[in-house]
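**Student:** Please find one structure pasted underneath; my questions will follow.
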Amino acid sequence: MPTTFRIKRFNPESESPQPYFQEYELETEQSDTVLDALIKIRESVDESLALRCSCRGAICGSCGMRINGHATLACKTKVVSLESPDGTVQVEPMNNMPVIKDLVTDMGGFWDKIRQVQPWLQPAGPKPDAEYIASPESMKHLTGVMGCIMCGACVSDCAALEVDHQFIGPAALAKAYRFVADPRDGASDSRLLALNTPGGMWDCTRCMECIEVCPKEVGAMDRIMDLRAKGIDQGMPSTCGSRHAEVFADLIEHKGRLDEPLLAMRTFGLKNIGQMLSFLPMTLRALVRGKLPRSGPLHRAIPGIDRIRRLFRHTRNLP
Amino acid sequence: MKYAFFPGCVSKGGCPELYQSVMQVYPQLGIELEEMTTASCTGAGVLQEKDLRLGDILNAHTLALAEQQGLPIMTICSTCQGVMSQANHRLKSNPEYLAEINRVLAEEGLTYRGTTRVKHFIWILLEDIGEETILQHVKHPLTGLRAAPFYGCYLQRPREALGFDETPSRAKSLETVIDLLGAEVVDFPGKTRCCGLPLLTINQPNSLKMVAHHTSDAKEYGADLMVTPCPLCHLNLDGLQSKAAKQNGMEIDLPILHLPQLLGLAMGLEPKGLGLSRNLVATESVLEKIGISV
């Protein structure tokens, strides 16, 4: 099967070190993965092509790269499974990290952020005579997150990291959850406190890219949501992020619906009045343009709000 | 074709022009709507940060109401669609969990059997109304207009809950509709990315960077406008565009249209009736381009 591979090349040691695309025509087999094809290109067409790989079995996490616009493992992606309008397979290095050469990225920043969450067990209390015991049931919810192979795909396609490299990112947050939710760990509060700061768990934009691209179904964003819920439950100091979630729920309980101005006012609070006021010009323009809520200027509660309130109360009584 | 209509909070709040434009276009498309006035907000993924199960209970309540009516639900918001699809997926795929949620609904004399289908207006256009019928309604093809699609995360991910495996065409629904209306699709990398709204009250600079990045990028790719099936994206991309441009030292001015507004223009409906004057980024350039006198 003839296939065109459009590969993003970059050589920092060339005379003009600018990234560019180079096309390769290759005869591929039905069973070929993108990694097989790249290795064929390197071995038989262009030995200067740089890529990183090892196990070829989706275990080591070395061959993370962007294929047709999304991060994935090259060894887990069959060429025949790819859809592209012009039949071309586009291969690029992972995003949100520096490129060393061609498809090889510098994972240094990735590991720094993993280390930042202290990814080791920190049990409290006296040392047991033998190992720290946890029942299989109490660890079951961690099997998904323990499957992370640190390939960097989630970090590559993270929308929040794209605009802010200070954000700790989905891989490190999923790793943090692995220890926060471990029944043997005694440092849950200090871990959550460290993540309850700018660049931490509230800076995820909930776009679900990390869930979609993960080759191991770690579900990083879901774990970030679990961290947020734990932070709220354990009474971490409130932030704009936690207040946003709490006020949102409160508005639904009392009105059955969103009330955008009230949500903003109560989320920002007096402490952040400057930020609140910065929306004033936009609000005035919206009013001039006739953007008046159909539910009334004060967002009346929905008909049947009593039942919604009762549903909240019933839920509170659940175990 | 009749649907239980779930308008969502934003079409009744920050984007009244969306509700207005839907009311203009739907009667002509051969569908009937019965508005769900007693259904609550889906939680928009925000309430779920605090309590996922509570979110599922509220959405199960909405799904049960539609089930009682014997109607599928029509949404007009990517976020409402995605959050309800996810809740429905969790409930349908886990009978024990559904039973647990039903014990709460039972307190209100309700039960959800797991039969309600939830469809965004754009899916209804393509899958229920059909391309041929849409083409029959295109009285004013948008020839020469270059439209950049912007889906909203919840209409793209996660694929499984959104039924992309059974209906793969949903992944490209916006491009298909733009094409049917006679406009040219401007394919740009940001079309399935995040608009930044969830970060607006948490990290405003990052949120506005996303707005500036996607709108300026679409413009660089040659777009005359951007079209979105998500009013939450619209709040950020349209409402905050000038603030985002200022923050990032740019001039952007890219009109952002709700999907029913673009559809309505192609159907030959009056711009005023479609609420175009309520969009914060001026839409006159779009009207001029398709030969509608301003």
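Starting from 1 in every chain, residues are counted up; chains themselves are A, B, ... following the order of the structure tokens, and ligands are numbered from 1 as listed.
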What are the residues of chain A that have an atom within 7 Å of an atom of chain B, counting only C-alpha atoms, as a PyMOL selection string?
**Tutor:** chain A and resi 159+163-164+203+205+207-208+212+225+228-229+232+240-241+245-246+248-249+252+256-258+264+282+286+289-295+302-304+314-315
**Student:** Go ahead and write the selection's residues with C-alpha atoms as a PDB file, in the first residue's frame.
**Tutor:**
ATOM      1  CA  ALA A 159      -4.727  23.195  25.926  1.00  0.00           C
ATOM      2  CA  VAL A 163      -0.864  29.003  26.763  1.00  0.00           C
ATOM      3  CA  ASP A 164       0.967  28.638  30.080  1.00  0.00           C
ATOM      4  CA  ASP A 203      -5.679  25.711  36.021  1.00  0.00           C
ATOM      5  CA  THR A 205      -9.477  23.994  31.394  1.00  0.00           C
ATOM      6  CA  CYS A 207     -11.072  20.244  27.537  1.00  0.00           C
ATOM      7  CA  MET A 208     -10.736  16.428  27.746  1.00  0.00           C
ATOM      8  CA  GLU A 212      -8.809  11.296  24.389  1.00  0.00           C
ATOM      9  CA  MET A 225     -11.694  16.579  38.835  1.00  0.00           C
ATOM     10  CA  ARG A 228     -10.708  19.219  42.966  1.00  0.00           C
ATOM     11  CA  ALA A 229     -13.595  17.393  44.666  1.00  0.00           C
ATOM     12  CA  ILE A 232     -13.329  21.069  48.334  1.00  0.00           C
ATOM     13  CA  CYS A 240     -11.500  31.335  42.449  1.00  0.00           C
ATOM     14  CA  GLY A 241     -11.606  27.770  41.110  1.00  0.00           C
ATOM     15  CA  ALA A 245     -17.651  25.152  41.514  1.00  0.00           C
ATOM     16  CA  GLU A 246     -19.325  25.787  44.888  1.00  0.00           C
ATOM     17  CA  PHE A 248     -22.301  27.105  40.529  1.00  0.00           C
ATOM     18  CA  ALA A 249     -23.811  24.244  42.528  1.00  0.00           C
ATOM     19  CA  ILE A 252     -28.498  25.467  40.560  1.00  0.00           C
ATOM     20  CA  GLY A 256     -32.225  25.574  38.883  1.00  0.00           C
ATOM     21  CA  ARG A 257     -30.165  27.497  36.378  1.00  0.00           C
ATOM     22  CA  LEU A 258     -27.017  29.495  35.834  1.00  0.00           C
ATOM     23  CA  ALA A 264     -18.925  35.968  38.533  1.00  0.00           C
ATOM     24  CA  MET A 282     -18.015  44.166  28.026  1.00  0.00           C
ATOM     25  CA  ALA A 286     -23.726  43.640  25.882  1.00  0.00           C
ATOM     26  CA  ARG A 289     -26.669  45.512  22.213  1.00  0.00           C
ATOM     27  CA  GLY A 290     -29.788  44.190  23.916  1.00  0.00           C
ATOM     28  CA  LYS A 291     -28.275  41.059  25.383  1.00  0.00           C
ATOM     29  CA  LEU A 292     -30.847  40.890  28.139  1.00  0.00           C
ATOM     30  CA  PRO A 293     -31.481  37.493  29.720  1.00  0.00           C
ATOM     31  CA  ARG A 294     -34.772  35.930  28.686  1.00  0.00           C
ATOM     32  CA  SER A 295     -35.204  34.668  32.236  1.00  0.00           C
ATOM     33  CA  ILE A 302     -37.073  27.843  36.847  1.00  0.00           C
ATOM     34  CA  PRO A 303     -40.622  26.548  37.297  1.00  0.00           C
ATOM     35  CA  GLY A 304     -40.416  23.407  39.401  1.00  0.00           C
ATOM     36  CA  HIS A 314     -32.047  13.712  48.890  1.00  0.00           C
ATOM     37  CA  THR A 315     -28.483  13.573  47.526  1.00  0.00           C
TER      38      THR A 315
END
**Student:** Neighbours of Asp106 in chain A within 12 Å (only C-alpha atoms; same-chain residues fewer than 5 positions away dropped), as a list in words?
**Tutor:**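 The filter keeps Leu51, Arg52, Ser62, Gly64, Pro93, Met94, Asn95, Asn96, Met97, Pro98, Val99, Ile100, Lys101, Trp111, Asp112, Cys151, Gly152 and Ser156 of chain A.
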**Student:** Would you please work out which residue, of A:Thr72, A:Leu192, A:Glu217, A:Leu161, is nearest to Met146 in chain A when using only C-alpha atoms?
**Tutor:** A:Glu217
**Student:** Got a sec to tell me which of range 20-179 of chain A DSSP assigns to helix (DSSP H, G or I), as JSON, numbers by chain?
**Tutor:** {"A": [34, 35, 36, 37, 38, 39, 40, 41, 42, 43, 44, 45, 74, 75, 76, 79, 80, 81, 108, 109, 110, 111, 112, 113, 114, 115, 116, 136, 137, 138, 139, 140, 141, 142, 143, 144, 145, 146, 153, 154, 155, 156, 159, 160, 161, 162, 163, 170, 171, 172, 173, 174, 175, 176, 177, 178, 179]}
**Student:** Which distance in Å separates CA of Gln90 in chain A and CA of Ala218 in chain B, to one decimal?
**Tutor:** 20.7 Å
**Student:** Need to verify the contact set: range 220-233 of chain B, 7 Å, only C-alpha atoms, exclusion of same-chain residues closer than 2 positions in sequence. Can you return it as a ChimeraX atom specification?
**Tutor:** /B:10-11,15,76-79,145-152,186,188,195,197,216-218,235-237,254-259,286
**Student:** Could you write out that same residue set with C-alpha atoms as a PDB file, in the first residue's frame?
**Tutor:**
ATOM      1  CA  VAL B  10     -26.887  30.483  28.284  1.00  0.00           C
ATOM      2  CA  SER B  11     -29.430  30.746  25.452  1.00  0.00           C
ATOM      3  CA  CYS B  15     -26.671  34.635  24.573  1.00  0.00           C
ATOM      4  CA  ILE B  76     -28.509  23.763  21.236  1.00  0.00           C
ATOM      5  CA  CYS B  77     -25.299  23.893  23.270  1.00  0.00           C
ATOM      6  CA  SER B  78     -22.183  21.728  22.939  1.00  0.00           C
ATOM      7  CA  THR B  79     -21.681  21.784  26.706  1.00  0.00           C
ATOM      8  CA  LEU B 145     -18.164  33.268   2.524  1.00  0.00           C
ATOM      9  CA  ARG B 146     -15.257  31.631   4.328  1.00  0.00           C
ATOM     10  CA  ALA B 147     -16.386  30.116   7.626  1.00  0.00           C
ATOM     11  CA  ALA B 148     -14.113  28.622  10.289  1.00  0.00           C
ATOM     12  CA  PRO B 149     -15.796  25.913  12.392  1.00  0.00           C
ATOM     13  CA  PHE B 150     -15.413  25.928  16.186  1.00  0.00           C
ATOM     14  CA  TYR B 151     -17.061  22.962  17.902  1.00  0.00           C
ATOM     15  CA  GLY B 152     -16.583  23.347  21.634  1.00  0.00           C
ATOM     16  CA  VAL B 186     -11.769  27.215   6.647  1.00  0.00           C
ATOM     17  CA  PHE B 188      -7.745  25.540  10.962  1.00  0.00           C
ATOM     18  CA  CYS B 195     -12.233  28.325  23.831  1.00  0.00           C
ATOM     19  CA  LEU B 197     -14.234  29.880  29.005  1.00  0.00           C
ATOM     20  CA  SER B 216      -6.493  35.311  15.137  1.00  0.00           C
ATOM     21  CA  ASP B 217      -5.440  31.920  13.807  1.00  0.00           C
ATOM     22  CA  ALA B 218      -8.774  31.438  12.005  1.00  0.00           C
ATOM     23  CA  LEU B 235     -19.489  34.029  25.236  1.00  0.00           C
ATOM     24  CA  ASN B 236     -15.712  33.893  25.207  1.00  0.00           C
ATOM     25  CA  LEU B 237     -14.896  34.101  21.487  1.00  0.00           C
ATOM     26  CA  LEU B 254     -13.607  38.202  13.647  1.00  0.00           C
ATOM     27  CA  PRO B 255     -17.416  37.866  13.700  1.00  0.00           C
ATOM     28  CA  ILE B 256     -18.565  34.796  15.649  1.00  0.00           C
ATOM     29  CA  LEU B 257     -21.950  33.428  14.618  1.00  0.00           C
ATOM     30  CA  HIS B 258     -24.128  30.889  16.385  1.00  0.00           C
ATOM     31  CA  LEU B 259     -24.880  27.934  14.112  1.00  0.00           C
ATOM     32  CA  VAL B 286     -20.446  39.008   6.880  1.00  0.00           C
TER      33      VAL B 286
END
**Student:** Just how far from CA of Glu34 in chain B is CA of Val177 in chain B, in Å to one decimal?
**Tutor:**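 Computed distance, CA of Val177 in chain B to CA of Glu34 in chain B, equals 24.4 Å.
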**Student:** Just asking: which residues within range 56-275 of chain A are strand (DSSP E) according to DSSP, as a PyMOL selection string?
**Tutor:** chain A and resi 64-67+70-73+88-92+99-101+104-105
**Student:** Neighbouring residues of Pro168 in chain B were defined as those with any atom within 12 Å, considering only C-alpha atoms; residues of the same chain fewer than 2 positions away were excluded. Please report them as a list in words.
**Tutor:**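 Near neighbours after the sequence-gap exclusion: Glu83 of chain A; Trp123, Glu127, Gln156, Arg159, Glu160, Leu162, Gly163, Phe164, Asp165, Glu166, Arg170, Ala171, Lys172 and Ser173 of chain B.
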**Student:** Those selected residues, please, written with N, CA and C atoms and delivered as a short mmCIF file (atom, residue, chain, number, x, y, z; two decimals), in the first residue's frame.
**Tutor:**
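Below is the file part_39.cif, written as the result:
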data_model
loop_
_atom_site.label_atom_id
_atom_site.label_comp_id
_atom_site.auth_asym_id
_atom_site.auth_seq_id
_atom_site.Cartn_x
_atom_site.Cartn_y
_atom_site.Cartn_z
N GLU A 83 -7.23 8.00 9.08
CA GLU A 83 -8.05 8.63 8.03
C GLU A 83 -7.47 9.99 7.73
N TRP B 123 -26.74 17.70 14.96
CA TRP B 123 -26.91 16.28 14.61
C TRP B 123 -28.33 16.05 14.07
N GLU B 127 -28.87 14.24 10.68
CA GLU B 127 -29.29 12.84 10.80
C GLU B 127 -30.80 12.67 10.72
N GLN B 156 -16.95 17.23 20.87
CA GLN B 156 -15.88 16.46 20.23
C GLN B 156 -15.34 15.35 21.12
N ARG B 159 -15.32 10.76 22.64
CA ARG B 159 -15.98 10.25 21.43
C ARG B 159 -17.03 9.18 21.75
N GLU B 160 -16.71 8.33 22.71
CA GLU B 160 -17.59 7.19 23.00
C GLU B 160 -18.96 7.67 23.48
N LEU B 162 -20.34 10.45 23.00
CA LEU B 162 -21.02 11.26 21.98
C LEU B 162 -21.51 10.42 20.80
N GLY B 163 -21.27 9.12 20.86
CA GLY B 163 -21.78 8.24 19.81
C GLY B 163 -21.01 8.34 18.49
N PHE B 164 -19.75 8.77 18.57
CA PHE B 164 -18.96 8.88 17.34
C PHE B 164 -18.67 7.51 16.71
N ASP B 165 -18.63 6.47 17.56
CA ASP B 165 -18.33 5.14 17.01
C ASP B 165 -19.49 4.68 16.11
N GLU B 166 -20.73 4.93 16.57
CA GLU B 166 -21.90 4.52 15.78
C GLU B 166 -22.14 5.49 14.63
N ARG B 170 -20.47 12.55 12.88
CA ARG B 170 -20.63 13.63 13.87
C ARG B 170 -19.33 14.41 14.08
N ALA B 171 -18.21 13.73 13.89
CA ALA B 171 -16.91 14.39 14.12
C ALA B 171 -16.71 15.57 13.17
N LYS B 172 -17.36 15.54 12.02
CA LYS B 172 -17.18 16.59 11.01
C LYS B 172 -18.50 17.32 10.72
N SER B 173 -19.44 17.25 11.65
CA SER B 173 -20.79 17.77 11.37
C SER B 173 -20.79 19.26 10.99
#
**Student:** I want to know what sits within 12 Å of Ser238 in chain A, based on only C-alpha atoms, with residues of the same chain fewer than 3 positions away left out; could you give that as a tab-separated table (two decimals) with N, CA and C atoms, in the first residue's frame?
**Tutor:**
chain	number	residue	atom	x	y	z
A	193	LEU	N	-2.82	20.83	49.33
A	193	LEU	CA	-2.50	22.24	49.58
A	193	LEU	C	-1.52	22.77	48.53
A	196	ASN	N	-3.27	23.41	45.34
A	196	ASN	CA	-4.34	24.41	45.44
A	196	ASN	C	-3.78	25.82	45.21
A	197	THR	N	-2.73	25.91	44.39
A	197	THR	CA	-2.03	27.18	44.16
A	197	THR	C	-2.03	27.48	42.66
A	202	TRP	N	-6.38	23.81	39.69
A	202	TRP	CA	-7.49	24.63	39.19
A	202	TRP	C	-7.20	25.25	37.83
A	228	ARG	N	-9.96	18.02	42.62
A	228	ARG	CA	-10.71	19.22	42.97
A	228	ARG	C	-11.80	18.89	43.99
A	231	GLY	N	-10.26	18.38	47.27
A	231	GLY	CA	-9.83	19.67	47.82
A	231	GLY	C	-11.00	20.41	48.47
A	232	ILE	N	-12.14	20.40	47.79
A	232	ILE	CA	-13.33	21.07	48.33
A	232	ILE	C	-13.79	20.32	49.59
A	233	ASP	N	-13.89	18.99	49.49
A	233	ASP	CA	-14.35	18.16	50.62
A	233	ASP	C	-13.49	18.36	51.85
A	234	GLN	N	-12.17	18.45	51.64
A	234	GLN	CA	-11.25	18.51	52.79
A	234	GLN	C	-11.01	19.95	53.24
A	235	GLY	N	-11.82	20.87	52.70
A	235	GLY	CA	-11.78	22.25	53.19
A	235	GLY	C	-10.50	22.99	52.90
A	241	GLY	N	-11.19	29.04	41.70
A	241	GLY	CA	-11.61	27.77	41.11
A	241	GLY	C	-12.60	27.04	41.99
A	242	SER	N	-12.28	26.89	43.27
A	242	SER	CA	-13.18	26.14	44.15
A	242	SER	C	-14.47	26.92	44.37
A	243	ARG	N	-14.37	28.25	44.49
A	243	ARG	CA	-15.60	29.05	44.67
A	243	ARG	C	-16.49	28.94	43.44
A	244	HIS	N	-15.87	28.92	42.25
A	244	HIS	CA	-16.63	28.80	41.01
A	244	HIS	C	-17.50	27.54	41.06
A	245	ALA	N	-16.90	26.42	41.46
A	245	ALA	CA	-17.65	25.15	41.51
A	245	ALA	C	-18.73	25.21	42.60
A	246	GLU	N	-18.37	25.76	43.77
A	246	GLU	CA	-19.33	25.79	44.89
A	246	GLU	C	-20.49	26.72	44.59
A	247	VAL	N	-20.18	27.90	44.04
A	247	VAL	CA	-21.25	28.86	43.74
A	247	VAL	C	-22.14	28.32	42.61
A	266	ARG	N	-19.82	36.31	42.90
A	266	ARG	CA	-19.54	35.49	44.09
A	266	ARG	C	-18.23	34.71	43.92
A	267	THR	N	-17.85	34.37	42.69
A	267	THR	CA	-16.58	33.66	42.48
A	267	THR	C	-15.40	34.60	42.76
A	268	PHE	N	-15.48	35.81	42.22
A	268	PHE	CA	-14.37	36.75	42.42
A	268	PHE	C	-14.32	37.23	43.87
A	269	GLY	N	-15.50	37.54	44.44
A	269	GLY	CA	-15.53	38.06	45.80
A	269	GLY	C	-14.89	39.43	45.88
A	271	LYS	N	-12.19	40.29	47.32
A	271	LYS	CA	-10.73	40.25	47.17
A	271	LYS	C	-10.31	40.52	45.72
B	202	ILE	N	-10.98	31.84	36.65
B	202	ILE	CA	-9.93	31.19	37.43
B	202	ILE	C	-8.55	31.72	37.03
**Student:** Which residues are near Gln18 in chain A? Cut-off 12 Å, only C-alpha atoms, ignore same chain within fewer than 5 positions. Put them as a PyMOL selection string.
**Tutor:** chain A and resi 8-13+99+101-102
**Student:** Distance CA of Lys255 in chain A-CA of Ile305 in chain A, one decimal place?
**Tutor:**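 So the two atoms, CA of Lys255 in chain A and CA of Ile305 in chain A, lie 6.5 Å apart.
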**Student:** Excluding Gly87 in chain A and residues on its chain fewer than 2 positions from it, collect all residues at most 8 Å away from it, counting only C-alpha atoms, and give them as an mmCIF file with C-alpha atoms, in the first residue's frame.
**Tutor:**
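And here is the file that came out, out.cif:
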data_model
loop_
_atom_site.group_PDB
_atom_site.id
_atom_site.type_symbol
_atom_site.label_atom_id
_atom_site.label_comp_id
_atom_site.auth_asym_id
_atom_site.auth_seq_id
_atom_site.Cartn_x
_atom_site.Cartn_y
_atom_site.Cartn_z
ATOM 1 C CA THR A 3 1.576 5.839 1.671
ATOM 2 C CA THR A 4 2.876 9.388 1.879
ATOM 3 C CA GLU A 83 -8.048 8.627 8.034
ATOM 4 C CA SER A 84 -6.858 11.609 6.117
ATOM 5 C CA PRO A 85 -8.569 13.442 3.272
ATOM 6 C CA VAL A 89 0.031 10.622 7.271
#
